[in-house]
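K.L.:
See data.cif below, with mmCIF, C-alpha atoms and all ligand atoms.
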data_data
#
loop_
_atom_site.label_atom_id
_atom_site.label_comp_id
_atom_site.auth_asym_id
_atom_site.auth_seq_id
_atom_site.Cartn_x
_atom_site.Cartn_y
_atom_site.Cartn_z
CA MET A 278 -20.55 207.46 70.41
CA LYS A 279 -20.77 207.48 74.22
CA LYS A 280 -20.55 210.79 76.06
CA ASN A 281 -17.28 211.88 77.68
CA ILE A 282 -15.07 210.05 75.27
CA LYS A 283 -12.36 212.44 74.14
CA CYS A 284 -10.73 212.89 70.78
CA TYR A 285 -7.32 211.25 70.20
CA MET A 286 -5.81 214.61 69.22
CA CYS A 287 -7.46 217.17 71.50
CA ASP A 288 -9.78 217.72 74.46
CA SER A 289 -12.99 217.89 72.45
CA ASP A 290 -15.67 215.24 72.71
CA ALA A 291 -15.40 212.49 70.15
CA VAL A 292 -18.20 212.20 67.61
CA SER A 293 -16.86 209.40 65.45
CA SER A 294 -13.92 207.09 65.15
CA GLU A 295 -11.13 206.83 62.65
CA HIS A 296 -8.55 204.31 61.56
CA VAL A 297 -4.88 204.64 62.44
CA PRO A 298 -3.13 204.12 60.13
CA PRO A 299 -5.78 204.92 57.48
CA LYS A 300 -7.77 201.93 56.31
CA CYS A 301 -6.94 202.52 52.64
CA LEU A 302 -3.30 201.54 53.30
CA PHE A 303 -4.54 198.01 53.94
CA PRO A 304 -5.36 196.15 50.71
CA GLU A 305 -8.87 194.91 50.08
CA SER A 306 -9.09 191.16 49.85
CA LYS A 307 -10.38 191.27 46.25
CA ASP A 308 -7.02 192.80 45.25
CA VAL A 309 -4.81 190.29 47.05
CA GLU A 310 -6.25 186.94 46.09
CA GLY A 311 -8.70 186.80 48.95
CA GLU A 312 -6.08 187.31 51.65
CA ASN A 313 -7.37 189.31 54.63
CA TYR A 314 -5.05 192.20 55.42
CA ARG A 315 -7.69 194.12 57.33
CA LYS A 316 -7.76 192.07 60.52
CA HIS A 317 -8.46 194.05 63.70
CA LEU A 318 -7.60 197.45 62.31
CA ILE A 319 -6.94 200.08 64.95
CA THR A 320 -9.53 202.80 65.48
CA VAL A 321 -9.52 205.78 67.83
CA PRO A 322 -12.26 208.23 68.82
CA SER A 323 -12.14 211.52 66.98
CA CYS A 324 -13.79 214.95 67.22
CA GLU A 325 -15.52 216.75 64.38
CA ILE A 326 -12.45 218.79 63.39
CA HIS A 327 -9.92 216.00 63.53
CA ASN A 328 -12.09 213.71 61.51
CA SER A 329 -13.14 216.04 58.70
CA ALA A 330 -11.08 216.58 55.57
CA LYS A 331 -9.04 213.57 56.51
CA SER A 332 -9.95 211.30 53.62
CA LYS A 333 -7.88 213.38 51.21
CA ASP A 334 -4.87 212.98 53.46
CA ASP A 335 -5.49 209.25 53.66
CA GLU A 336 -5.38 208.89 49.91
CA PHE A 337 -2.33 211.13 49.68
CA LEU A 338 -0.53 208.90 52.15
CA MET A 339 -1.52 205.74 50.32
CA ILE A 340 -0.11 207.05 47.06
CA SER A 341 3.04 208.29 48.75
CA LEU A 342 3.83 204.93 50.34
CA ALA A 343 2.46 201.97 48.43
CA GLY A 344 4.58 200.71 45.60
CA ILE A 345 7.79 202.59 46.31
CA ILE A 346 11.10 200.82 46.70
CA GLY A 347 11.44 199.21 50.07
CA ASN A 348 7.94 197.76 49.92
CA ASN A 349 7.32 194.07 50.17
CA SER A 350 5.32 192.35 47.45
CA ILE A 351 2.00 193.11 49.15
CA GLY A 352 2.81 196.80 49.02
CA TYR A 353 3.52 196.51 45.30
CA LEU A 354 0.35 194.56 44.68
CA HIS A 355 -1.57 197.24 46.53
CA LYS A 356 0.09 199.85 44.33
CA PHE A 357 -0.83 198.05 41.13
CA THR A 358 -4.45 197.64 42.11
CA LYS A 359 -6.10 200.09 44.45
CA VAL A 360 -3.48 202.83 44.29
CA ASN A 361 -3.38 202.90 40.52
CA ARG A 362 -7.17 202.94 40.41
CA ALA A 363 -7.10 206.02 42.62
CA ILE A 364 -4.47 207.64 40.41
CA ARG A 365 -6.45 206.95 37.24
CA ARG A 366 -9.65 208.17 38.79
CA THR A 367 -8.17 211.58 39.44
CA ALA A 368 -6.14 211.89 36.24
CA ASN A 369 -2.78 212.01 37.98
CA ARG A 370 -3.66 215.02 40.03
CA LEU A 371 -3.00 213.00 43.13
CA LEU A 372 0.52 212.24 42.03
CA ASP A 373 1.19 215.89 41.44
CA LYS A 374 -0.05 216.58 44.91
CA ALA A 375 1.99 213.84 46.53
CA PHE A 376 5.23 214.90 44.89
CA THR A 377 5.73 218.61 44.71
CA SER A 378 8.78 219.07 42.54
CA ARG A 379 11.31 217.23 40.43
CA LYS A 380 14.27 217.21 42.73
CA HIS A 381 16.11 213.93 42.93
CA TYR A 382 15.10 211.99 45.94
CA TYR A 383 15.82 208.33 45.85
CA LEU A 384 15.13 205.28 47.88
CA LYS A 385 17.94 203.02 48.84
CA ARG A 386 17.66 199.31 49.33
CA ASP A 387 19.90 197.10 51.40
CA ASN A 388 21.40 195.64 48.24
CA GLY A 389 22.41 199.09 47.07
CA PHE A 390 19.79 199.29 44.34
CA LEU A 391 18.49 202.79 43.77
CA GLU A 392 15.40 204.07 42.17
CA VAL A 393 14.56 207.67 41.54
CA ILE A 394 10.97 208.26 42.46
CA TRP A 395 8.63 210.72 40.84
CA GLY A 396 10.04 213.75 42.54
CA THR A 397 10.27 215.33 45.93
CA PRO A 398 7.54 214.07 48.19
CA ASP A 399 5.49 216.73 49.90
CA HIS A 400 7.45 216.57 53.14
CA GLU A 401 5.34 218.81 55.24
CA ARG A 402 2.16 216.98 54.40
CA LEU A 403 3.77 213.58 54.97
CA ILE A 404 5.07 214.72 58.35
CA SER A 405 1.60 215.93 59.29
CA CYS A 406 0.03 212.60 58.25
CA PHE A 407 2.50 210.63 60.35
CA GLU A 408 2.07 212.99 63.27
CA HIS A 409 -1.63 212.15 63.29
CA ILE A 410 -0.87 208.43 63.15
CA ALA A 411 1.62 208.83 66.02
CA TYR A 412 -1.03 210.60 68.12
CA GLY A 413 -3.53 207.88 67.26
CA LEU A 414 -1.17 205.07 68.22
CA HIS A 415 -0.30 206.88 71.44
CA TYR A 416 -3.99 207.11 72.35
CA TYR A 417 -4.61 203.50 71.42
CA HIS A 418 -1.50 201.96 72.96
CA LEU A 419 -1.02 204.11 76.06
CA GLY A 420 -4.68 204.96 76.62
CA LYS A 421 -4.32 208.73 76.66
CA CYS A 422 -4.02 211.73 74.42
CA PHE A 423 -0.42 212.90 74.13
CA LYS A 424 0.41 216.44 75.33
CA GLY A 425 3.74 217.79 74.23
CA LYS A 426 5.91 217.86 71.16
CA VAL A 427 5.95 215.14 68.51
CA ASN A 428 8.80 214.97 65.99
CA VAL A 429 8.65 212.76 62.94
CA LEU A 430 11.60 211.34 61.01
CA LEU A 431 10.98 209.78 57.62
CA GLY A 432 13.54 207.02 57.74
CA TYR A 433 12.94 205.81 54.19
CA LEU A 434 13.82 208.94 52.25
CA HIS A 435 17.31 209.77 51.08
CA SER A 436 18.29 213.17 49.85
CA GLU A 437 21.18 214.61 47.88
CA ASP A 438 22.61 215.85 51.17
CA GLU A 439 24.91 213.01 52.26
CA GLY A 440 25.39 214.52 55.72
CA ASN A 441 21.67 214.33 56.27
CA ASN A 442 21.53 210.73 55.02
CA THR A 443 24.28 209.79 57.47
CA PHE A 444 22.36 211.39 60.30
CA VAL A 445 19.16 209.55 59.37
CA GLN A 446 21.15 206.31 59.29
CA TYR A 447 22.58 207.09 62.71
CA ILE A 448 19.09 207.63 64.14
CA LYS A 449 17.85 204.41 62.52
CA ASP A 450 20.76 202.38 63.89
CA ARG A 451 20.32 203.88 67.34
CA ALA A 452 16.59 203.14 67.22
CA ALA A 453 17.30 199.55 66.18
CA ILE A 454 19.37 199.09 69.35
CA ASP A 455 16.72 200.74 71.56
CA LEU A 456 13.93 198.67 70.04
CA LYS A 457 15.68 195.32 69.87
CA ASP A 458 13.72 193.61 72.64
CA ILE A 459 10.55 195.70 72.37
CA PRO A 460 7.40 193.86 71.22
CA GLU A 461 5.90 194.58 67.81
CA TYR A 462 2.16 195.19 67.54
CA GLY A 463 -0.11 194.81 64.55
CA GLU A 464 -2.39 192.09 63.24
CA ASN A 465 -1.43 192.61 59.60
CA ARG A 466 2.32 192.67 59.86
CA ASP A 467 2.97 192.62 56.13
CA ILE A 468 1.19 195.95 55.94
CA PHE A 469 1.89 197.63 59.23
CA TYR A 470 3.24 197.15 62.73
CA TYR A 471 4.56 199.44 65.46
CA GLN A 472 6.75 199.47 68.56
CA PHE A 473 6.79 201.85 71.53
CA SER A 474 10.11 202.41 73.27
CA ASP A 475 10.37 203.03 77.02
CA PRO A 476 11.05 206.62 78.09
CA ASP A 477 14.75 207.53 78.24
CA ASP A 478 16.46 209.54 81.02
CA ASN A 479 14.93 212.73 79.63
CA GLY A 480 11.41 211.27 79.55
CA ILE A 481 11.39 211.06 75.75
CA TYR A 482 9.97 207.99 74.11
CA MET A 483 9.42 206.90 70.57
CA VAL A 484 7.15 204.98 68.29
CA HIS A 485 8.60 203.10 65.34
CA MET A 486 6.13 202.43 62.53
CA ARG A 487 6.89 200.00 59.73
CA PHE A 488 4.82 199.92 56.56
CA TYR A 489 4.85 197.26 53.83
CA GLY A 490 7.78 195.44 55.35
CA GLY A 491 10.42 198.09 54.73
CA ILE A 492 9.29 201.69 55.14
CA ASP A 493 10.35 203.01 58.53
CA ILE A 494 8.97 206.08 60.25
CA TYR A 495 10.00 207.25 63.70
CA ALA A 496 8.13 209.68 65.92
CA SER A 497 9.51 210.91 69.23
CA PHE A 498 7.34 212.17 72.07
CA LEU A 499 8.63 214.93 74.33
CA PRO A 500 5.96 215.40 77.06
CA GLU A 501 5.08 219.02 77.87
CA ASP A 502 6.25 218.75 81.46
CA LYS A 503 9.76 217.70 80.42
CA PRO A 504 12.46 220.20 79.42
CA LYS A 505 13.97 219.90 75.97
CA PRO A 506 17.18 217.96 76.55
CA PHE A 507 20.50 219.43 75.49
CA ASP A 508 22.49 217.24 73.13
CA LEU A 509 25.89 218.69 72.29
CA GLY A 510 26.31 216.60 69.16
CA ILE A 511 22.98 217.69 67.74
CA GLU A 512 23.65 221.34 68.63
CA LEU A 513 27.01 221.24 66.85
CA MET A 514 25.52 219.55 63.84
CA ASN A 515 22.73 222.11 63.63
CA ALA A 516 25.36 224.87 63.75
CA GLY A 517 26.90 223.42 60.58
CA ILE A 518 29.97 221.96 62.30
CA GLU A 519 31.09 218.51 61.26
CA THR A 520 30.14 216.20 64.07
CA VAL A 521 30.99 212.56 64.65
CA PHE A 522 28.47 210.33 66.33
CA VAL A 523 29.73 206.97 67.52
CA LEU A 524 27.52 203.96 68.00
CA ASP A 525 28.82 200.47 68.74
CA GLY A 526 32.25 201.47 67.44
CA LYS A 527 30.82 202.72 64.14
CA GLU A 528 31.40 206.36 63.23
CA TYR A 529 28.81 208.61 61.62
CA ARG A 530 30.37 211.76 60.23
CA VAL A 531 27.68 214.39 59.83
CA LYS A 532 28.00 217.87 58.44
CA LYS A 533 24.85 219.70 57.67
CA ALA A 534 24.39 221.48 54.40
CA ASN A 535 23.59 225.17 54.53
CA LYS A 536 20.45 225.49 56.60
CA SER A 537 18.78 227.94 54.29
CA GLU A 538 19.07 225.62 51.30
CA GLU A 539 16.45 223.15 52.25
CA LYS A 540 14.23 222.18 55.10
CA ASN A 541 16.07 219.32 56.61
CA GLU A 542 14.12 216.41 57.96
CA SER A 543 16.68 215.71 60.67
CA GLU A 544 15.69 219.00 62.28
CA ASN A 545 12.41 217.39 63.02
CA LEU A 546 13.82 214.89 65.41
ZN ZN A 601 -9.91 216.59 68.08
#
Just give me the structure of the file as structure tokens.

P.N.:
Amino acid sequence: MKKNIKCYMCDSDAVSSEHVPPKCLFPESKDVEGENYRKHLITVPSCEIHNSAKSKDDEFLMISLAGIIGNNSIGYLHKFTKVNRAIRRTANRLLDKAFTSRKHYYLKRDNGFLEVIWGTPDHERLISCFEHIAYGLHYYHLGKCFKGKVNVLLGYLHSEDEGNNTFVQYIKDRAAIDLKDIPEYGENRDIFYYQFSDPDDNGIYMVHMRFYGGIDIYASFLPEDKPKPFDLGIELMNAGIETVFVLDGKEYRVKKANKSEEKNESENL
């Protein structure tokens, strides 16, 4: 690696490079009838610290995403080949790690079909994985390391808290409007593509990541030199007061469950 090239996450010198998203999310051609889903994968320079111990996270992410409802057929195929090999190899320990408890989370499809997945995904670890990917895409797409606050929303998970689900839906619908005319990047679109929104009035911008044709993740970037914007609706909602968000004439009635009950993913946005 050339001197003076900086890590995608910090100010240290880069010593190696890594894939964003992780390479293992992209099926090997032997598993998908010779199809090449590893065209021009994105890599970013990485320092010692930000490159080490990452392979475990990569495998965790692969198991958490591939094969769940919302995937296209390539995602399923990936699940039934490489992902299951990884699960067998480690005698299900990986599954235990990916899903921490048996609470009912479910994934909702457009046709209303529901499937309960193994349990509650390890939220914190998922958020951390996607944060790294967001930093990597920022470095790759905008040519610089991001300084500030990144917030990740897992748009594909539904919880028992309906108020939270409504809020996630509101964010997704709002993002869909913001991203309507924004180009999509990615050479293996069935596996992964992303979009970067323009900064809003507060200087906040967003990356939308789509995996396996139907799993949506959003990460917002609040640069360190910008003040945290005040949003009355969000403040009310966080205080536990029923709040109505309106978008294109559609109403989203959101009341947050008791804050202490559960870490709520909407707080992350
Ligand atoms: Zn680093």

K.L.:
Using all atoms listed in the file, find each residue with an atom at most 8 Å away from ligand ZN 601 (chain A) and format the answer as a list in words.

P.N.:
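Those within range of ligand ZN 601 (chain A) are Lys283, Cys284, Tyr285, Met286, Cys287, Asp288, Ser289, Asp290, Ala291, Ser323, Cys324, Glu325, Ile326, His327 and Asn328 of chain A.
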
K.L.:
What gap, in Å, lies between CA of Asp525 (chain A) and CA of Thr443 (chain A)?

P.N.:
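About the pair CA of Asp525 (chain A) and CA of Thr443 (chain A): they are 15.3 Å apart.
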
K.L.:
Measuring between all atoms listed in the file, which one of A:Gly413, A:Val429, A:Gly311, A:Met339 shows the shortest distance to His296 (chain A)?

P.N.:
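So, comparing all the options, the nearest one is A:Gly413.
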
K.L.:
In Å, how far is it from CA of Ile468 (chain A) to CA of Gly490 (chain A)?

P.N.:
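According to the coordinates, CA of Ile468 (chain A) and CA of Gly490 (chain A) are separated by 6.6 Å.
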
K.L.:
Which is closest to His317 (chain A) among A:Glu464, A:Glu401, A:Glu408, A:Glu305, if we use all atoms listed in the file?

P.N.:
A:Glu464
